[in-house]
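The file data_11.txt contains compact mmCIF, C-alpha atoms and all ligand atoms:
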```
# COMPACT_ATOMS: atom_id res chain seq x y z
CA MET Q 1 -0.92 -13.81 -42.66
CA GLN Q 2 -3.08 -10.90 -41.64
CA VAL Q 3 -5.94 -10.22 -44.00
CA ASN Q 4 -6.25 -6.56 -44.83
CA ILE Q 5 -9.67 -6.15 -46.35
CA PRO Q 6 -11.37 -2.75 -45.84
CA LEU Q 7 -14.40 -2.90 -43.54
CA GLN Q 8 -17.82 -2.40 -45.14
CA ASN Q 9 -19.40 -1.69 -41.75
CA ASP Q 10 -17.02 0.14 -39.42
CA LEU Q 11 -19.69 1.81 -37.23
CA ILE Q 12 -18.34 0.27 -34.03
CA ILE Q 13 -14.77 1.33 -34.70
CA ARG Q 14 -15.85 4.87 -35.51
CA ALA Q 15 -18.08 5.03 -32.42
CA ALA Q 16 -15.21 3.74 -30.25
CA LYS Q 17 -12.96 6.45 -31.65
CA GLY Q 18 -15.58 9.06 -30.76
CA GLU Q 19 -16.43 9.85 -34.39
CA LYS Q 20 -19.99 10.67 -35.42
CA THR Q 21 -21.98 7.75 -36.83
CA GLU Q 22 -25.21 7.55 -38.87
CA ARG Q 23 -26.72 5.37 -36.15
CA THR Q 24 -25.71 3.64 -32.93
CA PRO Q 25 -23.85 0.35 -33.51
CA VAL Q 26 -24.93 -2.79 -31.64
CA TRP Q 27 -23.55 -6.19 -30.61
CA LEU Q 28 -24.08 -8.48 -27.61
CA MET Q 29 -21.63 -9.81 -25.08
CA ARG Q 30 -21.66 -13.62 -25.27
CA GLN Q 31 -23.43 -13.56 -28.64
CA ALA Q 32 -21.22 -16.37 -30.01
CA GLY Q 33 -22.45 -19.73 -28.83
CA ARG Q 34 -24.80 -20.09 -25.91
CA ILE Q 35 -28.05 -18.75 -27.35
CA LEU Q 36 -28.18 -19.92 -30.94
CA PRO Q 37 -29.74 -23.32 -31.77
CA GLU Q 38 -27.40 -23.26 -34.76
CA TYR Q 39 -24.45 -23.28 -32.30
CA ARG Q 40 -25.90 -26.08 -30.21
CA ALA Q 41 -26.48 -28.19 -33.32
CA VAL Q 42 -22.82 -27.97 -34.35
CA ARG Q 43 -21.65 -28.34 -30.74
CA GLU Q 44 -23.59 -31.56 -30.28
CA LYS Q 45 -21.87 -33.10 -33.27
CA MET Q 46 -18.40 -31.96 -32.22
CA GLY Q 47 -18.06 -32.83 -28.53
CA GLY Q 48 -16.36 -30.95 -25.71
CA PHE Q 49 -16.20 -27.19 -25.39
CA LYS Q 50 -12.41 -27.06 -25.31
CA GLU Q 51 -12.13 -29.07 -28.51
CA LEU Q 52 -14.40 -26.50 -30.14
CA VAL Q 53 -12.34 -23.59 -28.86
CA LYS Q 54 -9.21 -25.28 -30.21
CA SER Q 55 -10.71 -25.87 -33.64
CA PRO Q 56 -10.23 -22.70 -35.74
CA GLU Q 57 -12.78 -23.90 -38.34
CA PHE Q 58 -15.48 -24.38 -35.72
CA ALA Q 59 -14.60 -21.16 -33.89
CA CYS Q 60 -14.84 -19.30 -37.20
CA GLU Q 61 -18.25 -20.78 -38.03
CA VAL Q 62 -19.72 -19.98 -34.61
CA THR Q 63 -18.21 -16.48 -34.55
CA ILE Q 64 -19.98 -15.59 -37.80
CA GLN Q 65 -23.37 -17.13 -36.89
CA PRO Q 66 -24.61 -14.09 -34.92
CA VAL Q 67 -23.59 -11.76 -37.76
CA ASP Q 68 -25.75 -13.78 -40.18
CA ILE Q 69 -28.60 -14.63 -37.82
CA LEU Q 70 -28.85 -11.60 -35.51
CA GLY Q 71 -27.50 -8.87 -37.79
CA VAL Q 72 -25.07 -7.44 -35.21
CA ASP Q 73 -22.47 -4.82 -36.15
CA ALA Q 74 -19.48 -6.83 -34.89
CA ALA Q 75 -18.31 -10.39 -34.42
CA ILE Q 76 -16.50 -11.56 -31.28
CA ILE Q 77 -14.07 -14.42 -31.62
CA PHE Q 78 -15.39 -17.67 -30.15
CA SER Q 79 -13.00 -18.59 -27.34
CA ASP Q 80 -12.93 -18.22 -23.56
CA ILE Q 81 -11.12 -16.09 -21.01
CA LEU Q 82 -9.83 -19.32 -19.40
CA VAL Q 83 -7.41 -20.06 -22.24
CA ILE Q 84 -4.90 -17.84 -20.38
CA PRO Q 85 -4.69 -19.90 -17.15
CA GLU Q 86 -4.40 -22.98 -19.32
CA ALA Q 87 -1.54 -21.50 -21.37
CA MET Q 88 0.20 -20.56 -18.10
CA GLY Q 89 0.02 -24.15 -16.87
CA LEU Q 90 -3.36 -24.66 -15.20
CA ASN Q 91 -5.50 -27.06 -17.15
CA TYR Q 92 -9.29 -26.55 -16.95
CA GLU Q 93 -12.32 -28.61 -17.89
CA MET Q 94 -15.67 -27.19 -18.90
CA VAL Q 95 -18.13 -29.39 -17.01
CA GLU Q 96 -21.50 -29.75 -18.74
CA SER Q 97 -24.18 -27.55 -17.11
CA LYS Q 98 -21.76 -26.67 -14.28
CA GLY Q 99 -19.05 -24.48 -15.76
CA PRO Q 100 -15.28 -24.36 -15.51
CA TRP Q 101 -13.30 -26.64 -13.20
CA PHE Q 102 -9.53 -26.58 -12.54
CA GLU Q 103 -7.87 -29.76 -11.38
CA LYS Q 104 -5.00 -27.79 -9.81
CA THR Q 105 -5.37 -24.35 -8.23
CA ILE Q 106 -2.94 -21.74 -6.93
CA LYS Q 107 -2.31 -22.05 -3.18
CA SER Q 108 1.24 -20.90 -2.58
CA ARG Q 109 4.26 -19.01 -3.81
CA SER Q 110 5.73 -22.17 -5.35
CA ASP Q 111 2.51 -22.71 -7.36
CA ILE Q 112 2.93 -19.20 -8.75
CA ASP Q 113 6.61 -19.76 -9.53
CA ALA Q 114 5.70 -22.91 -11.47
CA LEU Q 115 3.45 -20.97 -13.88
CA ILE Q 116 4.88 -19.81 -17.17
CA ILE Q 117 4.28 -16.43 -18.79
CA ALA Q 118 2.19 -17.30 -21.84
CA GLN Q 119 3.65 -16.39 -25.22
CA ALA Q 120 1.82 -15.86 -28.49
CA ASP Q 121 2.77 -19.37 -29.69
CA ASP Q 122 1.02 -20.98 -26.73
CA LEU Q 123 -2.29 -19.63 -28.01
CA SER Q 124 -1.81 -20.04 -31.75
CA TYR Q 125 -5.18 -21.83 -32.04
CA VAL Q 126 -6.88 -18.54 -31.10
CA THR Q 127 -4.81 -16.45 -33.48
CA ASP Q 128 -5.41 -19.03 -36.24
CA ALA Q 129 -9.16 -18.73 -35.55
CA ILE Q 130 -8.90 -14.94 -35.78
CA LYS Q 131 -7.08 -15.11 -39.13
CA LEU Q 132 -9.58 -17.58 -40.54
CA THR Q 133 -12.55 -15.54 -39.29
CA LYS Q 134 -11.16 -12.27 -40.65
CA SER Q 135 -10.81 -13.87 -44.02
CA ALA Q 136 -14.30 -15.46 -43.90
CA LEU Q 137 -15.93 -12.22 -42.73
CA ASN Q 138 -14.42 -10.58 -45.77
CA GLY Q 139 -14.79 -7.10 -44.22
CA ARG Q 140 -18.51 -7.40 -43.41
CA VAL Q 141 -18.09 -6.26 -39.78
CA PRO Q 142 -15.17 -5.76 -37.40
CA LEU Q 143 -13.88 -8.68 -35.32
CA ILE Q 144 -13.52 -8.18 -31.56
CA GLY Q 145 -10.71 -9.99 -29.73
CA PHE Q 146 -10.81 -10.35 -25.96
CA ALA Q 147 -9.23 -11.46 -22.72
CA GLY Q 148 -10.22 -11.61 -19.08
CA ALA Q 149 -8.92 -8.88 -16.78
CA PRO Q 150 -6.08 -10.13 -14.55
CA TRP Q 151 -8.22 -10.02 -11.39
CA THR Q 152 -10.99 -12.16 -12.94
CA ILE Q 153 -8.43 -14.70 -14.22
CA PHE Q 154 -6.73 -14.69 -10.79
CA ALA Q 155 -10.12 -15.42 -9.19
CA TYR Q 156 -10.59 -18.59 -11.29
CA MET Q 157 -6.96 -19.69 -10.78
CA ILE Q 158 -7.30 -19.54 -6.98
CA GLU Q 159 -10.91 -20.69 -6.66
CA GLY Q 160 -10.68 -23.41 -9.31
CA LYS Q 161 -14.32 -23.01 -10.32
CA GLY Q 162 -17.15 -20.52 -10.45
CA SER Q 163 -18.40 -19.08 -7.17
CA LYS Q 164 -20.93 -16.52 -5.96
CA THR Q 165 -18.46 -14.85 -3.61
CA PHE Q 166 -14.99 -15.96 -4.79
CA SER Q 167 -14.10 -15.90 -1.09
CA LEU Q 168 -11.01 -18.12 -1.56
CA ALA Q 169 -9.64 -15.67 -4.10
CA LYS Q 170 -10.41 -12.73 -1.80
CA LYS Q 171 -8.88 -14.59 1.14
CA PHE Q 172 -5.66 -14.91 -0.88
CA LEU Q 173 -5.62 -11.12 -1.42
CA TYR Q 174 -5.92 -10.52 2.34
CA THR Q 175 -3.52 -13.24 3.46
CA ASN Q 176 -0.94 -13.20 0.65
CA PRO Q 177 -0.84 -9.66 -0.79
CA VAL Q 178 2.77 -9.93 -2.02
CA GLU Q 179 2.14 -13.25 -3.76
CA SER Q 180 -1.14 -11.89 -5.14
CA HIS Q 181 0.76 -9.13 -6.91
CA LEU Q 182 3.29 -11.64 -8.26
CA LEU Q 183 0.48 -13.72 -9.73
CA LEU Q 184 -1.42 -10.71 -11.09
CA ASP Q 185 1.77 -9.49 -12.72
CA LYS Q 186 2.38 -12.86 -14.42
CA ILE Q 187 -1.22 -12.93 -15.68
CA THR Q 188 -0.88 -9.35 -16.94
CA GLN Q 189 2.29 -10.12 -18.89
CA SER Q 190 0.67 -13.23 -20.39
CA THR Q 191 -2.44 -11.23 -21.32
CA ILE Q 192 -0.42 -8.50 -23.01
CA ASN Q 193 1.45 -11.12 -25.09
CA TYR Q 194 -1.85 -12.74 -25.96
CA LEU Q 195 -3.64 -9.52 -26.92
CA LYS Q 196 -0.66 -8.33 -29.01
CA ALA Q 197 -0.92 -11.63 -30.91
CA GLN Q 198 -4.66 -11.08 -31.45
CA VAL Q 199 -3.93 -7.61 -32.83
CA LEU Q 200 -1.30 -9.01 -35.20
CA ALA Q 201 -3.70 -11.77 -36.31
CA GLY Q 202 -6.21 -9.13 -37.40
CA ALA Q 203 -8.57 -8.30 -34.50
CA ASP Q 204 -10.11 -4.87 -35.05
CA MET Q 205 -10.98 -4.12 -31.43
CA ILE Q 206 -10.21 -5.61 -28.02
CA GLN Q 207 -12.46 -6.05 -24.99
CA ILE Q 208 -11.25 -6.79 -21.47
CA PHE Q 209 -13.82 -8.62 -19.32
CA ASP Q 210 -13.52 -8.00 -15.58
CA SER Q 211 -16.54 -10.13 -14.71
CA TRP Q 212 -15.74 -10.31 -10.98
CA ALA Q 213 -14.83 -6.64 -10.46
CA GLY Q 214 -17.92 -6.05 -8.33
CA ILE Q 215 -16.90 -8.30 -5.46
CA LEU Q 216 -13.87 -6.20 -4.48
CA SER Q 217 -13.93 -3.13 -2.25
CA PRO Q 218 -13.00 0.15 -3.97
CA GLU Q 219 -9.54 0.08 -2.33
CA GLN Q 220 -8.90 -3.53 -3.34
CA TYR Q 221 -10.17 -2.82 -6.82
CA ALA Q 222 -7.67 0.02 -7.32
CA GLN Q 223 -4.80 -2.06 -5.95
CA PHE Q 224 -5.50 -5.53 -7.34
CA SER Q 225 -7.45 -4.91 -10.53
CA LEU Q 226 -7.39 -1.43 -12.03
CA LYS Q 227 -3.61 -1.20 -11.77
CA TYR Q 228 -3.23 -4.24 -14.04
CA ILE Q 229 -5.98 -3.20 -16.46
CA ASP Q 230 -4.16 0.12 -16.72
CA ALA Q 231 -0.94 -1.72 -17.66
CA ILE Q 232 -2.80 -3.65 -20.38
CA CYS Q 233 -4.40 -0.47 -21.77
CA ASN Q 234 -0.99 1.21 -21.89
CA ALA Q 235 0.44 -1.77 -23.78
CA ILE Q 236 -2.36 -2.24 -26.33
CA THR Q 237 -2.49 1.08 -28.12
CA GLU Q 238 -2.73 -0.19 -31.72
CA LEU Q 239 -6.53 -0.31 -31.75
CA PRO Q 240 -9.57 0.66 -29.65
CA VAL Q 241 -9.83 -1.16 -26.31
CA THR Q 242 -13.04 -1.57 -24.27
CA VAL Q 243 -12.89 -2.18 -20.53
CA PHE Q 244 -15.98 -3.88 -19.09
CA ALA Q 245 -15.80 -4.21 -15.31
CA LYS Q 246 -19.04 -5.77 -14.12
CA GLY Q 247 -20.21 -4.29 -10.83
CA ALA Q 248 -17.41 -1.71 -10.53
CA PHE Q 249 -19.79 1.24 -10.20
CA PHE Q 250 -17.48 2.62 -7.49
CA ALA Q 251 -14.54 2.88 -9.92
CA ARG Q 252 -16.20 4.72 -12.79
CA LYS Q 253 -14.28 7.96 -12.21
CA GLU Q 254 -10.96 6.08 -12.19
CA MET Q 255 -11.97 4.13 -15.31
CA GLY Q 256 -12.42 7.47 -17.05
CA ALA Q 257 -8.65 7.97 -16.71
CA LEU Q 258 -7.69 4.64 -18.35
CA ASN Q 259 -5.87 4.74 -21.66
CA CYS Q 260 -8.74 3.05 -23.51
CA ALA Q 261 -11.46 4.09 -25.97
CA THR Q 262 -14.60 2.60 -24.41
CA ILE Q 263 -15.97 1.78 -20.97
CA GLY Q 264 -18.66 -0.90 -20.72
CA LEU Q 265 -21.49 -0.24 -18.26
CA ASP Q 266 -23.62 -2.85 -16.55
CA TRP Q 267 -27.34 -2.24 -16.03
CA ASN Q 268 -26.89 -1.04 -12.43
CA MET Q 269 -24.87 1.93 -13.63
CA GLU Q 270 -27.13 4.88 -14.27
CA ILE Q 271 -26.35 6.29 -17.72
CA LYS Q 272 -26.26 10.07 -17.10
CA GLU Q 273 -24.39 9.62 -13.83
CA SER Q 274 -21.87 7.32 -15.55
CA ARG Q 275 -21.25 9.91 -18.25
CA LEU Q 276 -20.59 12.56 -15.59
CA LEU Q 277 -18.25 10.31 -13.63
CA ILE Q 278 -16.37 8.92 -16.63
CA GLY Q 279 -16.20 12.27 -18.41
CA PRO Q 280 -16.95 13.37 -21.97
CA ASN Q 281 -14.08 11.66 -23.82
CA LYS Q 282 -14.81 7.97 -23.59
CA THR Q 283 -17.31 6.03 -25.64
CA LEU Q 284 -19.75 4.13 -23.42
CA GLN Q 285 -21.02 0.63 -24.13
CA GLY Q 286 -24.11 -1.09 -22.78
CA ASN Q 287 -26.16 -1.35 -20.74
CA MET Q 288 -29.58 -2.98 -21.00
CA ASP Q 289 -30.55 -5.47 -18.31
CA PRO Q 290 -30.19 -8.87 -20.07
CA CYS Q 291 -33.47 -9.91 -18.42
CA LEU Q 292 -35.34 -7.31 -20.49
CA LEU Q 293 -35.11 -9.87 -23.29
CA TYR Q 294 -37.57 -12.08 -21.39
CA ALA Q 295 -40.20 -9.32 -21.82
CA ASP Q 296 -42.63 -8.97 -24.75
CA PHE Q 297 -41.51 -7.37 -28.03
CA LYS Q 298 -43.29 -4.07 -27.33
CA THR Q 299 -41.54 -3.65 -23.98
CA ILE Q 300 -38.14 -4.57 -25.43
CA LYS Q 301 -38.57 -1.95 -28.17
CA LYS Q 302 -39.73 0.77 -25.78
CA GLU Q 303 -36.99 0.19 -23.18
CA THR Q 304 -34.29 -0.05 -25.84
CA GLU Q 305 -35.35 3.28 -27.35
CA GLU Q 306 -35.32 4.86 -23.87
CA MET Q 307 -31.79 3.58 -23.35
CA LEU Q 308 -30.61 4.96 -26.70
CA LYS Q 309 -32.01 8.39 -25.84
CA LEU Q 310 -30.27 8.42 -22.47
CA PHE Q 311 -26.89 7.65 -24.07
CA GLY Q 312 -27.40 10.15 -26.89
CA PRO Q 313 -26.39 9.98 -30.56
CA HIS Q 314 -22.61 9.59 -30.34
CA LYS Q 315 -19.95 7.82 -28.32
CA HIS Q 316 -22.30 4.93 -27.62
CA ILE Q 317 -22.12 1.26 -28.57
CA ALA Q 318 -25.41 -0.46 -27.73
CA ASN Q 319 -25.12 -3.75 -25.85
CA LEU Q 320 -26.57 -5.52 -22.84
CA GLY Q 321 -25.17 -4.79 -19.38
CA HIS Q 322 -23.71 -8.32 -19.26
CA GLY Q 323 -23.71 -11.41 -21.47
CA VAL Q 324 -26.93 -12.57 -23.08
CA TYR Q 325 -28.48 -15.43 -21.08
CA PRO Q 326 -28.50 -18.89 -22.68
CA ASP Q 327 -32.30 -19.31 -22.56
CA ILE Q 328 -33.22 -16.07 -24.33
CA GLU Q 329 -35.18 -16.58 -27.57
CA LYS Q 330 -33.28 -15.40 -30.58
CA ASP Q 331 -36.27 -13.39 -31.88
CA LYS Q 332 -36.12 -11.32 -28.68
CA VAL Q 333 -32.41 -10.68 -29.30
CA ARG Q 334 -33.24 -9.70 -32.87
CA CYS Q 335 -35.87 -7.29 -31.57
CA PHE Q 336 -33.22 -5.56 -29.43
CA VAL Q 337 -30.74 -5.45 -32.34
CA ASP Q 338 -33.35 -4.27 -34.88
CA THR Q 339 -34.64 -1.56 -32.56
CA VAL Q 340 -31.14 -0.11 -32.26
CA LYS Q 341 -30.53 -0.37 -36.00
CA GLU Q 342 -33.83 1.32 -36.90
CA PHE Q 343 -33.57 4.13 -34.35
CA ARG Q 344 -32.51 7.60 -35.56
CA PHE Q 345 -31.97 10.70 -33.45
O1 LIG Q 401 -18.86 -13.30 -26.29
C1 LIG Q 401 -18.85 -14.33 -26.97
O2 LIG Q 401 -19.88 -14.79 -27.44
C2 LIG Q 401 -17.52 -14.96 -27.33
C3 LIG Q 401 -17.22 -16.16 -26.64
C4 LIG Q 401 -17.02 -16.13 -25.12
C5 LIG Q 401 -17.18 -17.30 -24.34
N1 LIG Q 401 -16.82 -17.01 -23.08
C6 LIG Q 401 -17.64 -18.62 -24.85
C7 LIG Q 401 -18.24 -19.58 -23.92
C8 LIG Q 401 -16.59 -15.11 -24.27
C9 LIG Q 401 -16.30 -13.64 -24.55
C10 LIG Q 401 -16.46 -15.68 -22.97
C11 LIG Q 401 -15.98 -14.91 -21.80
C12 LIG Q 401 -16.06 -15.49 -20.47
N2 LIG Q 401 -15.89 -16.79 -20.10
C13 LIG Q 401 -16.27 -14.72 -19.30
C14 LIG Q 401 -16.40 -13.21 -19.25
C15 LIG Q 401 -17.74 -12.73 -19.68
C16 LIG Q 401 -18.85 -12.90 -18.67
O3 LIG Q 401 -19.88 -13.48 -19.07
O4 LIG Q 401 -18.73 -12.40 -17.55
C17 LIG Q 401 -16.26 -15.61 -18.21
C18 LIG Q 401 -16.46 -15.25 -16.77
C19 LIG Q 401 -16.02 -16.92 -18.74
C20 LIG Q 401 -15.85 -18.20 -17.99
C21 LIG Q 401 -16.86 -19.21 -18.39
N3 LIG Q 401 -16.92 -19.84 -19.64
C22 LIG Q 401 -17.93 -19.74 -17.61
C23 LIG Q 401 -18.25 -19.30 -16.20
C24 LIG Q 401 -18.63 -20.66 -18.40
C25 LIG Q 401 -19.80 -21.55 -18.03
C26 LIG Q 401 -21.10 -20.85 -18.08
C27 LIG Q 401 -21.50 -20.24 -19.45
O5 LIG Q 401 -22.16 -20.90 -20.24
O6 LIG Q 401 -21.12 -19.13 -19.70
C28 LIG Q 401 -18.00 -20.68 -19.67
C29 LIG Q 401 -18.40 -21.52 -20.82
C30 LIG Q 401 -18.59 -20.88 -22.14
N4 LIG Q 401 -17.79 -19.91 -22.69
C31 LIG Q 401 -19.62 -21.20 -23.07
C32 LIG Q 401 -19.40 -20.39 -24.20
C33 LIG Q 401 -20.17 -20.39 -25.47
C34 LIG Q 401 -20.70 -22.26 -22.90
C35 LIG Q 401 -20.06 -23.60 -23.01
C36 LIG Q 401 -20.80 -24.64 -23.83
O7 LIG Q 401 -21.10 -24.44 -25.01
O8 LIG Q 401 -21.00 -25.70 -23.26
```
Could you take the file, read its structure, and then write that structure out as C-alpha cells?
Amino acid sequence: MQVNIPLQNDLIIRAAKGEKTERTPVWLMRQAGRILPEYRAVREKMGGFKELVKSPEFACEVTIQPVDILGVDAAIIFSDILVIPEAMGLNYEMVESKGPWFEKTIKSRSDIDALIIAQADDLSYVTDAIKLTKSALNGRVPLIGFAGAPWTIFAYMIEGKGSKTFSLAKKFLYTNPVESHLLLDKITQSTINYLKAQVLAGADMIQIFDSWAGILSPEQYAQFSLKYIDAICNAITELPVTVFAKGAFFARKEMGALNCATIGLDWNMEIKESRLLIGPNKTLQGNMDPCLLYADFKTIKKETEEMLKLFGPHKHIANLGHGVYPDIEKDKVRCFVDTVKEFRF
C-alpha cells in the first residue's frame, strides 16, 4: 500500500512547482550506488547488479545512503533504465567494468512484433522497492522515480551495448523509419505503464533520462525523441516531471513547450541562454560539470556559488550536468551539496 506520510523536506517539490523556497534544493544524478564505498561494500557481499536491482531491501538501503551520507534533498530509487527493455522481452546483463550487454537485439519488424508492452506487474520489484523506501524514508525527503526516454531505450535495444556513436541505432532510424516508430511507440506505452505504477507506489517526482539525445540531429530529435517524451509528459500529470535530455541544446526551445515541470540542463548549456530559450515558466535543473568535483574544495565552492547566482533564487534545482562519476571522492560531493545548502540570496 502507498505510504502517505507528509514530507518534512519538500524543497524540491516546491521548486519544481515554481514556488518560492528558502534555499535552492540539491541532489545528484546517479547518487545512488556508484560513488559510495558504503554501496560497494554491500554490493560486494550481494553479487550481480541485476540481483541488487531486483532486491527491494537492497534497493531501499542503497537509495537512502546518499540522504544519510551526502545530505541531499531527495532520494532517487536504485534501479536502472534498462529494466524496461528487459520487461519487454530483451534480457540484459551488466558486465563488470564494461556496462550493459544484450544477448538479443532488435534487427527487424518481427523482432519488434515479438516484444510485449510492459505492464505494471512486470516491474513489481521496482514498485515494491519504492513502497519500502517511502516507508523507510518516513517523509525525510521526496523520492524520485525514473525511466529512460524512449529514444535512449531504443538505442540500447538496437545496439545491444553502450557505444560512443550509437551508429547502429541511428542506422535503423535512417533505414527503417516506419519500424522505428513502431518500436518507439511500444517503448513509450511500456514506459507510461511503468511510470504510472511508480506514481501509485508513492514516487513524489519523476525524471526522464534521455542520455543519448545529443547524438541526433535537431530534425531527428523532434521526430524520434521529443514526440515520445511529449506523450509521456501528457500521460504523467499526477506529479512534477523532469526531462533531462543530455546534449539536446538544439531542442531547448521545444522542451520549453513540454507538459512538464522541470528541464534538466547539461553543463554545455549556458544558463541565461537556456532560461531565455526555455522561457520563464519551467524550473531548471543542473548543471555543474561533473568534473568540477575533481577540483580542490575552494574551487568547487566558488564555481558552485557562481552557478547558483546565474540560475537565481527560484525555479532552480541544483545538480550536476550529468551523473556523478564513479571515482569522485565523497567529500568533494559533500562540498558541492553543502555549498548549495549554505548559500542564501
Ligand atoms: O541515479 C541514481 O543513482 C539511481 C540509480 C540509477 C542507475 N542507473 C544505477 C546504476 C539510474 C538513474 C540509472 C540510469 C541509467 N542507466 C542511465 C541514464 C543516466 C545517465 O547516466 O545517462 C543510463 C544510460 C543507464 C545504463 C547503464 N547502467 C550503464 C551504461 C551502466 C554501466 C556504467 C555505469 O556504471 O553507469 C549502468 C550500470 C549502473 N546503473 C550502475 C548503477 C549504480 C553501476 C553498476 C554496478 O554497481 O556495477
ask   = Rounded to one decimal in Å, what is the spacing between atom CA of Lys45 of chain Q and atom CA of Asp128 of chain Q?
value = 21.9 Å
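The shortest atom-to-atom distance to ligand LIG 401 (chain Q), with all atoms listed in the file taken into account, belongs to Q:Gly214 out of Q:Gly139, Q:Pro25, Q:Pro240, Q:Gly214.
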request  = Take the point (-2.0, -29.3, -9.5) in the file's coordinates, draw a sphere of radius 12 Å around it, and report as JSON, numbers by chain every protein, DNA or RNA residue with an atom inside or on it, counting only C-alpha atoms.
outcome  = {"Q": [86, 89, 90, 91, 92, 102, 103, 104, 105, 106, 107, 108, 110, 111, 112, 114, 115, 157, 158, 160]}
query = Could you name the residues that touch Gly264 of chain Q at 8 Å or less, counting all atoms listed in the file, but leaving out those on the same chain fewer than 2 positions away, as a PyMOL selection string?
reply = chain Q and resi 242-245+262+266+284-287+321
Coordinates-based distance that separates atom CA of Ala118 of chain Q from atom CA of Phe166 of chain Q (Å, one decimal) = 24.2 Å
d(atom CA of Phe209 of chain Q, atom CA of Arg140 of chain Q) in Å =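 Taking atom CA of Phe209 of chain Q and atom CA of Arg140 of chain Q, their separation equals 24.6 Å.
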